[in-house]
>>> print(open('target_8.txt').read())   # compact mmCIF, C-alpha atoms and all ligand atoms
# COMPACT_ATOMS: atom_id res chain seq x y z
CA MET A 1 0.00 0.00 0.00
CA ILE A 2 1.19 3.53 -0.82
CA ALA A 3 0.70 6.55 1.45
CA LEU A 4 0.82 9.98 -0.17
CA THR A 5 1.53 12.85 2.17
CA ALA A 6 1.66 16.58 1.54
CA SER A 7 1.00 19.86 3.27
CA ARG A 8 -2.71 20.10 2.49
CA LEU A 9 -5.52 18.29 0.68
CA TYR A 10 -8.79 19.46 -0.87
CA THR A 11 -11.48 16.77 -0.96
CA PRO A 12 -12.52 19.40 -2.44
CA LEU A 13 -15.37 20.30 -0.06
CA GLU A 14 -13.02 20.08 2.91
CA ALA A 15 -9.41 21.16 3.43
CA ILE A 16 -7.25 18.71 5.39
CA GLU A 17 -3.87 19.73 6.84
CA GLN A 18 -0.99 17.19 6.86
CA PRO A 19 -3.05 14.73 4.79
CA VAL A 20 -2.41 11.03 4.27
CA VAL A 21 -3.98 9.30 1.26
CA LEU A 22 -3.72 5.51 1.26
CA LEU A 23 -3.79 3.97 -2.21
CA ASP A 24 -4.27 0.35 -3.08
CA GLY A 25 -3.99 -0.25 -6.81
CA GLY A 26 -6.28 2.14 -8.58
CA GLN A 27 -8.38 3.05 -5.55
CA ILE A 28 -8.25 5.31 -2.53
CA VAL A 29 -8.54 3.26 0.65
CA GLU A 30 -8.49 6.07 3.19
CA VAL A 31 -8.04 9.82 3.53
CA SER A 32 -6.84 10.99 6.95
CA SER A 33 -4.44 13.43 8.60
CA LEU A 34 -1.14 13.07 10.43
CA THR A 35 -2.58 15.53 12.95
CA GLU A 36 -5.04 12.80 13.99
CA ARG A 37 -2.90 9.68 13.92
CA PRO A 38 0.53 8.47 12.79
CA LEU A 39 1.26 6.84 9.44
CA PRO A 40 0.11 3.18 9.42
CA GLU A 41 2.96 0.68 9.57
CA GLY A 42 4.22 -1.14 6.51
CA VAL A 43 3.11 1.44 3.96
CA GLN A 44 5.39 3.01 1.37
CA ARG A 45 5.38 6.77 1.97
CA VAL A 46 5.63 9.22 -0.92
CA ASP A 47 5.92 12.73 0.48
CA PHE A 48 5.14 15.82 -1.59
CA GLY A 49 6.39 18.41 0.89
CA ASP A 50 4.58 21.75 0.64
CA SER A 51 2.28 20.49 -2.16
CA ILE A 52 -1.51 20.32 -2.17
CA LEU A 53 -3.31 17.09 -3.11
CA ALA A 54 -6.57 17.49 -5.04
CA PRO A 55 -8.84 15.24 -7.10
CA GLY A 56 -7.72 14.80 -10.70
CA TYR A 57 -9.36 17.38 -12.96
CA VAL A 58 -12.37 16.41 -15.08
CA ASP A 59 -12.78 18.20 -18.44
CA ILE A 60 -16.26 17.76 -19.92
CA HIS A 61 -15.58 19.78 -23.08
CA ILE A 62 -12.38 19.20 -25.01
CA HIS A 63 -11.71 18.72 -28.73
CA GLY A 64 -8.02 17.94 -28.79
CA GLY A 65 -4.46 18.84 -27.96
CA ALA A 66 -0.84 18.09 -28.82
CA GLY A 67 -1.61 18.55 -32.54
CA HIS A 68 -4.50 16.06 -32.59
CA ASP A 69 -8.28 16.25 -32.74
CA VAL A 70 -10.46 13.67 -30.94
CA MET A 71 -12.44 13.03 -34.17
CA GLU A 72 -9.32 11.89 -36.07
CA SER A 73 -9.12 8.26 -37.17
CA ASP A 74 -5.35 8.16 -36.50
CA PRO A 75 -4.89 5.68 -33.61
CA ALA A 76 -2.10 7.91 -32.24
CA ALA A 77 -4.51 10.86 -31.78
CA LEU A 78 -6.28 10.05 -28.51
CA PRO A 79 -3.15 8.81 -26.68
CA ALA A 80 -1.36 12.07 -27.60
CA VAL A 81 -4.27 14.16 -26.32
CA GLU A 82 -4.52 12.06 -23.15
CA GLN A 83 -0.82 12.40 -22.33
CA LEU A 84 -1.05 16.17 -22.65
CA LEU A 85 -4.15 16.20 -20.42
CA ALA A 86 -2.37 14.18 -17.73
CA LYS A 87 0.47 16.72 -17.67
CA HIS A 88 -2.07 19.42 -16.91
CA GLY A 89 -3.77 17.49 -14.12
CA VAL A 90 -6.76 16.12 -16.06
CA THR A 91 -7.50 12.48 -15.23
CA SER A 92 -10.97 12.04 -16.81
CA TYR A 93 -12.44 13.76 -19.83
CA LEU A 94 -15.27 13.77 -22.34
CA PRO A 95 -13.89 13.81 -25.89
CA THR A 96 -16.12 16.36 -27.61
CA THR A 97 -17.27 16.13 -31.22
CA VAL A 98 -18.07 19.14 -33.39
CA THR A 99 -20.56 19.44 -36.23
CA ALA A 100 -19.44 17.48 -39.30
CA SER A 101 -21.15 15.39 -41.97
CA GLY A 102 -23.36 12.64 -40.57
CA ASP A 103 -20.89 9.94 -41.65
CA HIS A 104 -17.94 11.71 -40.04
CA ILE A 105 -19.79 12.12 -36.76
CA LEU A 106 -20.99 8.50 -36.79
CA SER A 107 -17.52 7.08 -37.42
CA ALA A 108 -15.99 9.35 -34.75
CA LEU A 109 -18.64 8.24 -32.22
CA ASP A 110 -17.91 4.59 -32.96
CA ARG A 111 -14.14 5.09 -32.49
CA LEU A 112 -14.61 7.09 -29.30
CA ALA A 113 -16.95 4.44 -27.89
CA THR A 114 -14.25 1.83 -28.52
CA ALA A 115 -11.64 4.03 -26.80
CA ILE A 116 -13.92 4.44 -23.77
CA GLU A 117 -14.58 0.69 -23.57
CA ASN A 118 -10.86 -0.14 -23.93
CA ALA A 119 -9.88 2.35 -21.24
CA GLU A 120 -12.52 0.88 -18.92
CA GLN A 121 -11.19 -2.63 -19.43
CA ALA A 122 -7.52 -1.60 -19.21
CA GLN A 123 -8.06 -0.14 -15.70
CA GLY A 124 -4.58 0.51 -14.27
CA SER A 125 -2.70 -0.03 -17.50
CA HIS A 126 -4.48 2.94 -19.10
CA GLY A 127 -3.31 4.84 -16.06
CA ARG A 128 -0.52 6.79 -17.70
CA ARG A 129 -3.03 8.86 -19.63
CA ALA A 130 -6.24 10.71 -18.92
CA GLN A 131 -9.22 8.40 -19.30
CA PRO A 132 -12.12 9.06 -21.70
CA VAL A 133 -15.29 8.46 -19.67
CA GLY A 134 -18.03 9.44 -22.10
CA ILE A 135 -18.67 11.53 -25.19
CA HIS A 136 -19.88 15.12 -25.42
CA LEU A 137 -21.90 15.58 -28.61
CA GLU A 138 -21.56 19.29 -29.44
CA GLY A 139 -23.57 19.83 -32.57
CA PRO A 140 -25.11 19.20 -35.02
CA PHE A 141 -28.35 20.21 -33.17
CA ILE A 142 -27.31 23.83 -32.79
CA SER A 143 -28.44 27.26 -33.95
CA PHE A 144 -27.43 28.56 -37.37
CA GLU A 145 -27.22 32.11 -35.94
CA ARG A 146 -25.04 31.03 -33.01
CA ARG A 147 -23.09 28.25 -34.67
CA GLY A 148 -19.72 29.92 -34.09
CA VAL A 149 -17.33 28.06 -36.36
CA HIS A 150 -19.41 24.88 -36.72
CA PRO A 151 -19.85 24.30 -40.48
CA PRO A 152 -23.36 25.55 -41.46
CA GLN A 153 -23.94 22.95 -44.19
CA ASP A 154 -23.76 20.13 -41.66
CA LEU A 155 -26.13 21.51 -39.00
CA LEU A 156 -29.13 19.21 -38.51
CA PRO A 157 -32.59 19.87 -37.17
CA PRO A 158 -33.03 17.80 -34.00
CA THR A 159 -35.10 14.68 -34.63
CA LEU A 160 -35.54 11.52 -32.61
CA SER A 161 -34.27 9.42 -35.51
CA ALA A 162 -31.03 11.45 -35.85
CA PHE A 163 -30.46 11.27 -32.10
CA GLU A 164 -31.09 7.51 -32.19
CA ARG A 165 -28.48 7.06 -34.95
CA PHE A 166 -25.86 8.93 -32.91
CA TRP A 167 -26.83 7.04 -29.75
CA GLN A 168 -26.44 3.67 -31.51
CA ALA A 169 -23.10 4.62 -33.10
CA ALA A 170 -21.80 5.71 -29.68
CA ARG A 171 -23.15 2.50 -28.10
CA GLY A 172 -24.74 4.56 -25.34
CA HIS A 173 -21.53 6.38 -24.38
CA ILE A 174 -22.89 9.89 -25.02
CA ARG A 175 -22.84 11.50 -21.56
CA MET A 176 -23.47 15.08 -22.58
CA MET A 177 -25.17 16.81 -25.49
CA THR A 178 -25.16 20.50 -26.35
CA ILE A 179 -28.37 21.56 -28.07
CA ALA A 180 -30.11 24.83 -28.99
CA PRO A 181 -33.55 24.57 -27.35
CA GLU A 182 -35.32 27.06 -29.65
CA ILE A 183 -35.02 24.90 -32.78
CA GLU A 184 -38.10 23.00 -33.85
CA GLY A 185 -37.93 19.43 -32.60
CA ALA A 186 -35.43 20.20 -29.83
CA ARG A 187 -37.87 19.68 -26.97
CA ALA A 188 -38.61 16.05 -27.92
CA VAL A 189 -34.91 15.27 -28.42
CA ILE A 190 -34.06 16.84 -25.05
CA ALA A 191 -36.68 14.67 -23.33
CA GLU A 192 -35.40 11.52 -25.06
CA ALA A 193 -31.74 12.27 -24.28
CA VAL A 194 -32.63 12.89 -20.63
CA ARG A 195 -34.50 9.57 -20.59
CA CYS A 196 -31.26 7.91 -21.86
CA GLY A 197 -29.32 9.48 -18.95
CA VAL A 198 -27.55 12.13 -21.04
CA CYS A 199 -26.78 15.50 -19.42
CA VAL A 200 -28.52 17.93 -21.76
CA SER A 201 -26.66 21.21 -21.98
CA LEU A 202 -28.03 24.36 -23.63
CA GLY A 203 -25.67 26.16 -25.92
CA HIS A 204 -24.80 27.47 -29.39
CA SER A 205 -28.24 28.98 -28.98
CA ASP A 206 -30.31 32.01 -29.91
CA ALA A 207 -32.98 31.07 -27.37
CA LYS A 208 -35.22 33.59 -25.68
CA LEU A 209 -36.22 33.25 -22.06
CA HIS A 210 -39.33 31.14 -22.71
CA HIS A 211 -37.45 28.66 -24.95
CA THR A 212 -34.86 28.20 -22.24
CA ARG A 213 -37.42 27.72 -19.48
CA GLY A 214 -39.26 25.17 -21.66
CA ALA A 215 -36.02 23.22 -22.15
CA VAL A 216 -35.43 23.14 -18.40
CA GLU A 217 -38.99 21.82 -17.99
CA ALA A 218 -38.07 19.09 -20.51
CA GLY A 219 -35.03 18.13 -18.39
CA ALA A 220 -32.08 20.26 -19.57
CA ARG A 221 -29.76 20.84 -16.62
CA HIS A 222 -26.62 22.62 -17.83
CA ALA A 223 -25.34 25.34 -20.17
CA THR A 224 -22.33 25.18 -22.51
CA HIS A 225 -19.65 27.90 -22.53
CA THR A 226 -21.99 30.49 -21.06
CA PHE A 227 -22.03 33.80 -23.00
CA ASN A 228 -20.05 32.35 -25.93
CA ALA A 229 -22.17 31.37 -28.96
CA MET A 230 -25.30 32.54 -27.12
CA ARG A 231 -27.86 35.31 -27.67
CA PRO A 232 -26.35 38.09 -25.55
CA LEU A 233 -27.98 39.35 -22.36
CA GLY A 234 -30.16 42.38 -23.04
CA HIS A 235 -31.86 44.36 -20.32
CA ARG A 236 -35.21 44.21 -22.12
CA GLU A 237 -34.47 40.97 -23.96
CA PRO A 238 -32.98 38.72 -21.25
CA GLY A 239 -32.80 35.55 -23.36
CA ILE A 240 -30.95 32.35 -22.53
CA VAL A 241 -28.18 34.04 -20.52
CA ALA A 242 -30.60 35.47 -17.94
CA ALA A 243 -32.16 32.03 -17.45
CA VAL A 244 -28.76 30.34 -17.17
CA LEU A 245 -27.52 32.85 -14.59
CA THR A 246 -30.63 32.81 -12.42
CA ASP A 247 -32.21 29.33 -12.64
CA PRO A 248 -30.98 27.18 -9.73
CA ARG A 249 -31.83 24.01 -11.67
CA LEU A 250 -29.10 24.80 -14.20
CA SER A 251 -25.38 24.38 -13.66
CA ALA A 252 -23.21 26.05 -16.28
CA ASP A 253 -19.68 26.14 -17.60
CA ILE A 254 -17.31 28.83 -18.83
CA ILE A 255 -14.02 29.08 -20.71
CA ALA A 256 -11.92 31.04 -18.21
CA ASP A 257 -8.97 31.82 -20.47
CA GLY A 258 -9.34 35.61 -20.32
CA ILE A 259 -10.00 35.64 -24.10
CA HIS A 260 -13.47 34.11 -24.45
CA LEU A 261 -14.75 36.16 -21.52
CA ASP A 262 -13.44 39.32 -19.95
CA PRO A 263 -12.19 38.57 -16.43
CA ALA A 264 -14.97 40.82 -15.07
CA ILE A 265 -17.57 38.57 -16.74
CA VAL A 266 -15.90 35.50 -15.24
CA GLU A 267 -16.35 37.18 -11.86
CA LEU A 268 -19.99 38.04 -12.61
CA PHE A 269 -20.69 34.45 -13.68
CA LEU A 270 -19.07 32.99 -10.58
CA LYS A 271 -21.05 35.33 -8.32
CA MET A 272 -24.29 34.25 -9.98
CA LYS A 273 -23.74 30.48 -10.20
CA GLY A 274 -21.65 30.17 -7.04
CA PRO A 275 -19.35 27.35 -5.96
CA GLU A 276 -22.10 24.72 -6.34
CA ALA A 277 -23.16 25.27 -9.95
CA SER A 278 -20.12 26.72 -11.73
CA VAL A 279 -18.00 24.45 -13.91
CA LEU A 280 -14.74 25.07 -15.78
CA ILE A 281 -14.13 23.66 -19.24
CA THR A 282 -11.24 24.20 -21.63
CA ASP A 283 -12.93 23.76 -25.08
CA ALA A 284 -9.31 23.06 -26.05
CA THR A 285 -8.39 22.28 -29.65
CA ALA A 286 -5.54 20.36 -31.30
CA ALA A 287 -3.45 23.54 -31.05
CA THR A 288 -3.20 23.21 -27.26
CA GLY A 289 0.34 22.59 -26.11
CA MET A 290 1.63 23.45 -29.61
CA PRO A 291 3.25 26.50 -31.22
CA ASP A 292 1.17 29.04 -33.19
CA GLY A 293 0.07 27.67 -36.57
CA LYS A 294 -2.74 25.86 -38.41
CA TYR A 295 -4.56 22.91 -36.86
CA ARG A 296 -7.76 21.01 -37.40
CA LEU A 297 -10.96 21.09 -35.39
CA GLY A 298 -13.22 18.25 -36.50
CA TRP A 299 -13.08 18.56 -40.29
CA PHE A 300 -12.15 22.22 -40.57
CA GLU A 301 -9.03 24.28 -40.06
CA VAL A 302 -8.28 26.73 -37.28
CA GLU A 303 -5.40 29.15 -36.99
CA VAL A 304 -3.66 30.07 -33.76
CA LYS A 305 -1.86 33.39 -33.36
CA ASN A 306 -0.58 34.58 -29.99
CA GLY A 307 -2.62 31.93 -28.21
CA VAL A 308 -5.94 32.94 -29.86
CA CYS A 309 -7.62 30.18 -31.87
CA MET A 310 -9.71 31.49 -34.81
CA ALA A 311 -11.51 30.28 -37.93
CA GLU A 312 -13.20 32.61 -40.43
CA GLY A 313 -12.78 35.57 -38.10
CA ALA A 314 -14.51 33.91 -35.12
CA LEU A 315 -13.10 32.36 -31.96
CA ALA A 316 -12.72 28.61 -32.54
CA GLY A 317 -12.13 26.83 -29.27
CA SER A 318 -9.13 27.56 -27.11
CA VAL A 319 -5.61 26.56 -26.19
CA LEU A 320 -6.54 26.64 -22.51
CA THR A 321 -5.45 23.92 -20.09
CA MET A 322 -7.48 23.06 -16.99
CA ASP A 323 -4.73 23.91 -14.50
CA ARG A 324 -4.53 27.43 -15.98
CA ALA A 325 -8.33 27.77 -15.91
CA VAL A 326 -8.27 26.95 -12.18
CA ARG A 327 -5.52 29.49 -11.50
CA ASN A 328 -7.40 32.09 -13.57
CA VAL A 329 -10.43 31.76 -11.28
CA THR A 330 -8.21 32.68 -8.33
CA LYS A 331 -6.83 35.65 -10.28
CA PHE A 332 -9.97 36.92 -12.04
CA ALA A 333 -12.40 36.53 -9.14
CA GLY A 334 -10.14 36.36 -6.11
CA TRP A 335 -11.45 32.91 -5.18
CA GLU A 336 -9.48 30.59 -2.92
CA LEU A 337 -7.69 27.76 -4.74
CA GLN A 338 -9.89 25.22 -2.90
CA GLN A 339 -13.10 26.68 -4.38
CA ALA A 340 -11.53 26.99 -7.83
CA VAL A 341 -10.46 23.33 -7.70
CA ARG A 342 -14.06 22.34 -6.98
CA LEU A 343 -15.14 23.80 -10.35
CA ALA A 344 -12.76 21.43 -12.17
CA THR A 345 -13.40 18.30 -10.08
CA LEU A 346 -16.53 17.63 -8.03
CA ASN A 347 -18.81 19.90 -10.05
CA PRO A 348 -18.12 18.57 -13.57
CA SER A 349 -18.11 15.04 -12.23
CA LYS A 350 -21.61 15.55 -10.75
CA VAL A 351 -22.91 17.27 -13.87
CA VAL A 352 -22.19 14.25 -16.07
CA GLY A 353 -22.92 11.65 -13.38
CA LEU A 354 -19.48 10.11 -12.86
CA SER A 355 -19.25 7.99 -9.74
CA GLY A 356 -16.06 7.81 -7.69
CA ARG A 357 -14.40 10.71 -9.53
CA GLY A 358 -13.82 14.35 -8.76
CA LYS A 359 -13.37 13.80 -5.02
CA LEU A 360 -10.80 12.34 -2.67
CA GLU A 361 -12.43 9.85 -0.31
CA ALA A 362 -12.31 6.15 0.51
CA GLY A 363 -13.57 4.10 -2.44
CA ALA A 364 -12.96 6.79 -5.06
CA ALA A 365 -10.60 6.27 -8.00
CA ALA A 366 -6.96 7.11 -7.18
CA ASP A 367 -7.06 10.06 -9.58
CA ILE A 368 -5.02 12.76 -7.88
CA VAL A 369 -3.31 15.95 -8.94
CA VAL A 370 -0.35 17.23 -6.92
CA LEU A 371 -0.32 21.04 -6.97
CA SER A 372 2.10 23.70 -5.87
CA PRO A 373 0.63 26.18 -3.35
CA SER A 374 -0.21 28.46 -6.31
CA GLY A 375 -1.90 25.72 -8.35
CA GLU A 376 0.89 24.64 -10.75
CA VAL A 377 0.73 20.91 -11.55
CA ARG A 378 3.69 19.03 -10.07
CA THR A 379 2.52 15.54 -10.96
CA THR A 380 -0.64 13.51 -11.52
CA PHE A 381 -1.80 10.07 -10.44
CA ILE A 382 -4.28 8.33 -12.70
CA ARG A 383 -5.79 5.19 -11.19
CA GLY A 384 -2.84 5.17 -8.79
CA VAL A 385 -0.26 5.36 -11.59
CA ARG A 386 2.02 8.35 -12.22
CA PRO A 387 2.40 9.11 -15.91
CA GLU A 388 6.10 9.20 -16.73
CA ALA A 389 5.74 12.36 -18.75
CA ALA A 390 4.58 14.24 -15.68
CA ALA A 391 6.87 12.56 -13.15
CA GLY A 392 9.75 14.65 -11.93
CA ARG A 393 8.33 17.93 -13.22
ZN ZN B 401 -16.42 23.12 -28.16
>>> encode(input="target_8.txt", output="structure tokens")
Amino acid sequence: MIALTASRLYTPLEAIEQPVVLLDGGQIVEVSSLTERPLPEGVQRVDFGDSILAPGYVDIHIHGGAGHDVMESDPAALPAVEQLLAKHGVTSYLPTTVTASGDHILSALDRLATAIENAEQAQGSHGRRAQPVGIHLEGPFISFERRGVHPPQDLLPPTLSAFERFWQAARGHIRMMTIAPEIEGARAVIAEAVRCGVCVSLGHSDAKLHHTRGAVEAGARHATHTFNAMRPLGHREPGIVAAVLTDPRLSADIIADGIHLDPAIVELFLKMKGPEASVLITDATAATGMPDGKYRLGWFEVEVKNGVCMAEGALAGSVLTMDRAVRNVTKFAGWELQQAVRLATLNPSKVVGLSGRGKLEAGAAADIVVLSPSGEVRTTFIRGVRPEAAAGR
């Protein structure tokens, strides 16, 4: 048995001083403190000095990294993305598809489902890389007006038969779906997806207030990159943003890179949704962790200059990493690191219904990020294994 010790631990709801985390294989056996009792005998101690232990980060919206997109058929693509994620503290993620032709989406869903099943079976041996734990279907059921860079020719009106085709291709591994609730047919698809256990997230949407409220009645529970690719908040035309910010039934996520949202809007959002309902995502593209240049997002090209990812004059995803998003919350809104960590761990894990992830407690997966006091990633444990790429950093 291995005992990890450090200066502090965030469960994340509680802070524990002088923590001890006992690991057996891929699981946490116990979380305690040296202030309460000494180290058990016969365990191998790994001490991280002044570091903070936190649950591994969970990214529910990511398209790629390290030069690769999650929709690529190249078998080297996902492992490259997953190694980069591990370096930045992410231990579980939802590979996220963008709008593409029906055939391209279907074949990507099939490949991603296989990757999820293989990672599940591999258990510890997948442990050197972040684990895909479900798919986020972003598009094609989105608004033409608020499509962002999603290719307009491939947008589809939401129908039960289209949803069923995607669901079958993904073999039930779709955990999250972004949909624009104002489009005809959306309400029925939302209800069906909810029935299948999918977290329905409202986004890429031109919805007015009543559309949004109707979608929440139908079971929608989250909002995708709040403010971005959404009808803007107007003081006489409140629209989707007003509903997202005020409805306690909705959790919501943001891209806290300082580019997609002004830091003051990040602060506004966090004040409105609070520590319980705010979630951080990266929306990261293949360009993440790479120099400026041209990369692909799904089946189209994006260009990155000075860390800004664009296509056809519009923002096209980000090059944000989750550890930076967490640190940005402490900078932009003055939040404590513990609260910021919650938005990248427990909250996303709850939103998509992951069990035994996003928290440090007995019985949970041994997915742990080791942080410096200011939130820099020192190393990561995935299912109790330390990826070599991150070790010794
Ligand atoms: Zn996205």
>>> closest_residue(input="target_8.txt", among="A:Leu94, A:Val241, A:Ala186, A:Ile259", to="ligand ZN 401 (chain B)", atoms="all atoms listed in the file")
A:Leu94
>>> residues_near_ligand(input="target_8.txt", ligand="ligand ZN 401 (chain B)", cutoff="7 Å", atoms="only C-alpha atoms and all ligand atoms", output="PyMOL selection string")
chain A and resi 61-63+96+98+138+283+317
>>> residues_around(input="target_8.txt", residues="Ala86 in chain A", least_positions_apart="3", cutoff="10 Å", atoms="only C-alpha atoms", output="ChimeraX atom specification")
/A:56-57,81-83,89-92,127-131,369,377,379-382,386-390
>>> closest_residue(input="target_8.txt", among="A:Ser101, A:Ser318, A:Thr114, A:Thr11", to="Leu78 in chain A", atoms="only C-alpha atoms")
A:Thr114
>>> residues_around(input="target_8.txt", residues="Glu301 in chain A", least_positions_apart="5", cutoff="9 Å", atoms="all atoms listed in the file", output="CSV table (one decimal) with C-alpha atoms, in the coordinates of the input")
chain,number,residue,atom,x,y,z
A,294,LYS,CA,-2.7,25.9,-38.4
A,295,TYR,CA,-4.6,22.9,-36.9
A,296,ARG,CA,-7.8,21.0,-37.4
A,310,MET,CA,-9.7,31.5,-34.8
A,311,ALA,CA,-11.5,30.3,-37.9
>>> atom_distance(input="target_8.txt", atom1="CA of Gly363 in chain A", atom2="CA of Leu13 in chain A")
16.5 Å
>>> residues_around(input="target_8.txt", residues="range 350-362 of chain A", least_positions_apart="6", cutoff="9 Å", atoms="all atoms listed in the file", output="PDB file with C-alpha atoms, in the frame of the given file")
ATOM      1  CA  LEU A   9      -5.520  18.290   0.680  1.00  0.00           C
ATOM      2  CA  TYR A  10      -8.790  19.460  -0.870  1.00  0.00           C
ATOM      3  CA  THR A  11     -11.480  16.770  -0.960  1.00  0.00           C
ATOM      4  CA  PRO A  12     -12.520  19.400  -2.440  1.00  0.00           C
ATOM      5  CA  LEU A  13     -15.370  20.300  -0.060  1.00  0.00           C
ATOM      6  CA  VAL A  21      -3.980   9.300   1.260  1.00  0.00           C
ATOM      7  CA  LEU A  22      -3.720   5.510   1.260  1.00  0.00           C
ATOM      8  CA  GLN A  27      -8.380   3.050  -5.550  1.00  0.00           C
ATOM      9  CA  ILE A  28      -8.250   5.310  -2.530  1.00  0.00           C
ATOM     10  CA  VAL A  29      -8.540   3.260   0.650  1.00  0.00           C
ATOM     11  CA  GLU A  30      -8.490   6.070   3.190  1.00  0.00           C
ATOM     12  CA  VAL A  31      -8.040   9.820   3.530  1.00  0.00           C
ATOM     13  CA  LEU A  53      -3.310  17.090  -3.110  1.00  0.00           C
ATOM     14  CA  ALA A  54      -6.570  17.490  -5.040  1.00  0.00           C
ATOM     15  CA  PRO A  55      -8.840  15.240  -7.100  1.00  0.00           C
ATOM     16  CA  GLY A  56      -7.720  14.800 -10.700  1.00  0.00           C
ATOM     17  CA  TYR A  57      -9.360  17.380 -12.960  1.00  0.00           C
ATOM     18  CA  VAL A  58     -12.370  16.410 -15.080  1.00  0.00           C
ATOM     19  CA  ILE A  60     -16.260  17.760 -19.920  1.00  0.00           C
ATOM     20  CA  SER A  92     -10.970  12.040 -16.810  1.00  0.00           C
ATOM     21  CA  VAL A 133     -15.290   8.460 -19.670  1.00  0.00           C
ATOM     22  CA  GLY A 134     -18.030   9.440 -22.100  1.00  0.00           C
ATOM     23  CA  ARG A 175     -22.840  11.500 -21.560  1.00  0.00           C
ATOM     24  CA  MET A 176     -23.470  15.080 -22.580  1.00  0.00           C
ATOM     25  CA  GLY A 197     -29.320   9.480 -18.950  1.00  0.00           C
ATOM     26  CA  VAL A 198     -27.550  12.130 -21.040  1.00  0.00           C
ATOM     27  CA  CYS A 199     -26.780  15.500 -19.420  1.00  0.00           C
ATOM     28  CA  ARG A 221     -29.760  20.840 -16.620  1.00  0.00           C
ATOM     29  CA  HIS A 222     -26.620  22.620 -17.830  1.00  0.00           C
ATOM     30  CA  SER A 251     -25.380  24.380 -13.660  1.00  0.00           C
ATOM     31  CA  ALA A 277     -23.160  25.270  -9.950  1.00  0.00           C
ATOM     32  CA  VAL A 279     -18.000  24.450 -13.910  1.00  0.00           C
ATOM     33  CA  ARG A 342     -14.060  22.340  -6.980  1.00  0.00           C
ATOM     34  CA  ALA A 344     -12.760  21.430 -12.170  1.00  0.00           C
ATOM     35  CA  ILE A 368      -5.020  12.760  -7.880  1.00  0.00           C
TER      36      ILE A 368
END
>>> axis_aligned_box(input="target_8.txt", around="range 286-299 of chain A", padding_each_side="3 Å", output="JSON")
{"center_x": -5.0, "center_y": 23.6, "center_z": -33.2, "size_x": 22.5, "size_y": 16.8, "size_z": 20.2}
>>> atom_distance(input="target_8.txt", atom1="CA of Gly172 in chain A", atom2="CA of Glu117 in chain A")
11.0 Å
>>> closest_residue(input="target_8.txt", among="A:Ala229, A:Ile254, A:Ile240, A:Ala15", to="Lys273 in chain A", atoms="all atoms listed in the file")
A:Ile254
>>> closest_residue(input="target_8.txt", among="A:Leu280, A:Val20, A:Leu297, A:Ala6", to="Leu346 in chain A", atoms="only C-alpha atoms")
A:Leu280
>>> decode(input="target_8.txt", residues="range 113-121 of chain A", atoms="N, CA, C and O atoms", output="PDB file, in the first residue's frame")
ATOM      1  N   ALA A 113     -16.326   5.454 -28.753  1.00  0.00           N
ATOM      2  CA  ALA A 113     -16.953   4.437 -27.890  1.00  0.00           C
ATOM      3  C   ALA A 113     -15.964   3.297 -27.638  1.00  0.00           C
ATOM      4  O   ALA A 113     -15.824   2.813 -26.509  1.00  0.00           O
ATOM      5  N   THR A 114     -15.242   2.894 -28.676  1.00  0.00           N
ATOM      6  CA  THR A 114     -14.246   1.832 -28.523  1.00  0.00           C
ATOM      7  C   THR A 114     -13.142   2.272 -27.559  1.00  0.00           C
ATOM      8  O   THR A 114     -12.723   1.504 -26.689  1.00  0.00           O
ATOM      9  N   ALA A 115     -12.700   3.516 -27.689  1.00  0.00           N
ATOM     10  CA  ALA A 115     -11.642   4.029 -26.799  1.00  0.00           C
ATOM     11  C   ALA A 115     -12.111   4.031 -25.345  1.00  0.00           C
ATOM     12  O   ALA A 115     -11.355   3.681 -24.435  1.00  0.00           O
ATOM     13  N   ILE A 116     -13.368   4.401 -25.130  1.00  0.00           N
ATOM     14  CA  ILE A 116     -13.920   4.437 -23.766  1.00  0.00           C
ATOM     15  C   ILE A 116     -13.988   3.017 -23.194  1.00  0.00           C
ATOM     16  O   ILE A 116     -13.592   2.773 -22.049  1.00  0.00           O
ATOM     17  N   GLU A 117     -14.468   2.083 -24.024  1.00  0.00           N
ATOM     18  CA  GLU A 117     -14.583   0.689 -23.566  1.00  0.00           C
ATOM     19  C   GLU A 117     -13.198   0.100 -23.277  1.00  0.00           C
ATOM     20  O   GLU A 117     -12.999  -0.585 -22.273  1.00  0.00           O
ATOM     21  N   ASN A 118     -12.223   0.377 -24.153  1.00  0.00           N
ATOM     22  CA  ASN A 118     -10.865  -0.141 -23.934  1.00  0.00           C
ATOM     23  C   ASN A 118     -10.251   0.431 -22.663  1.00  0.00           C
ATOM     24  O   ASN A 118      -9.600  -0.291 -21.903  1.00  0.00           O
ATOM     25  N   ALA A 119     -10.456   1.712 -22.426  1.00  0.00           N
ATOM     26  CA  ALA A 119      -9.880   2.345 -21.236  1.00  0.00           C
ATOM     27  C   ALA A 119     -10.504   1.762 -19.974  1.00  0.00           C
ATOM     28  O   ALA A 119      -9.830   1.558 -18.968  1.00  0.00           O
ATOM     29  N   GLU A 120     -11.810   1.475 -20.053  1.00  0.00           N
ATOM     30  CA  GLU A 120     -12.524   0.876 -18.924  1.00  0.00           C
ATOM     31  C   GLU A 120     -11.935  -0.485 -18.584  1.00  0.00           C
ATOM     32  O   GLU A 120     -11.664  -0.796 -17.426  1.00  0.00           O
ATOM     33  N   GLN A 121     -11.711  -1.281 -19.640  1.00  0.00           N
ATOM     34  CA  GLN A 121     -11.185  -2.632 -19.428  1.00  0.00           C
ATOM     35  C   GLN A 121      -9.727  -2.617 -18.982  1.00  0.00           C
ATOM     36  O   GLN A 121      -9.304  -3.441 -18.192  1.00  0.00           O
TER      37      GLN A 121
END
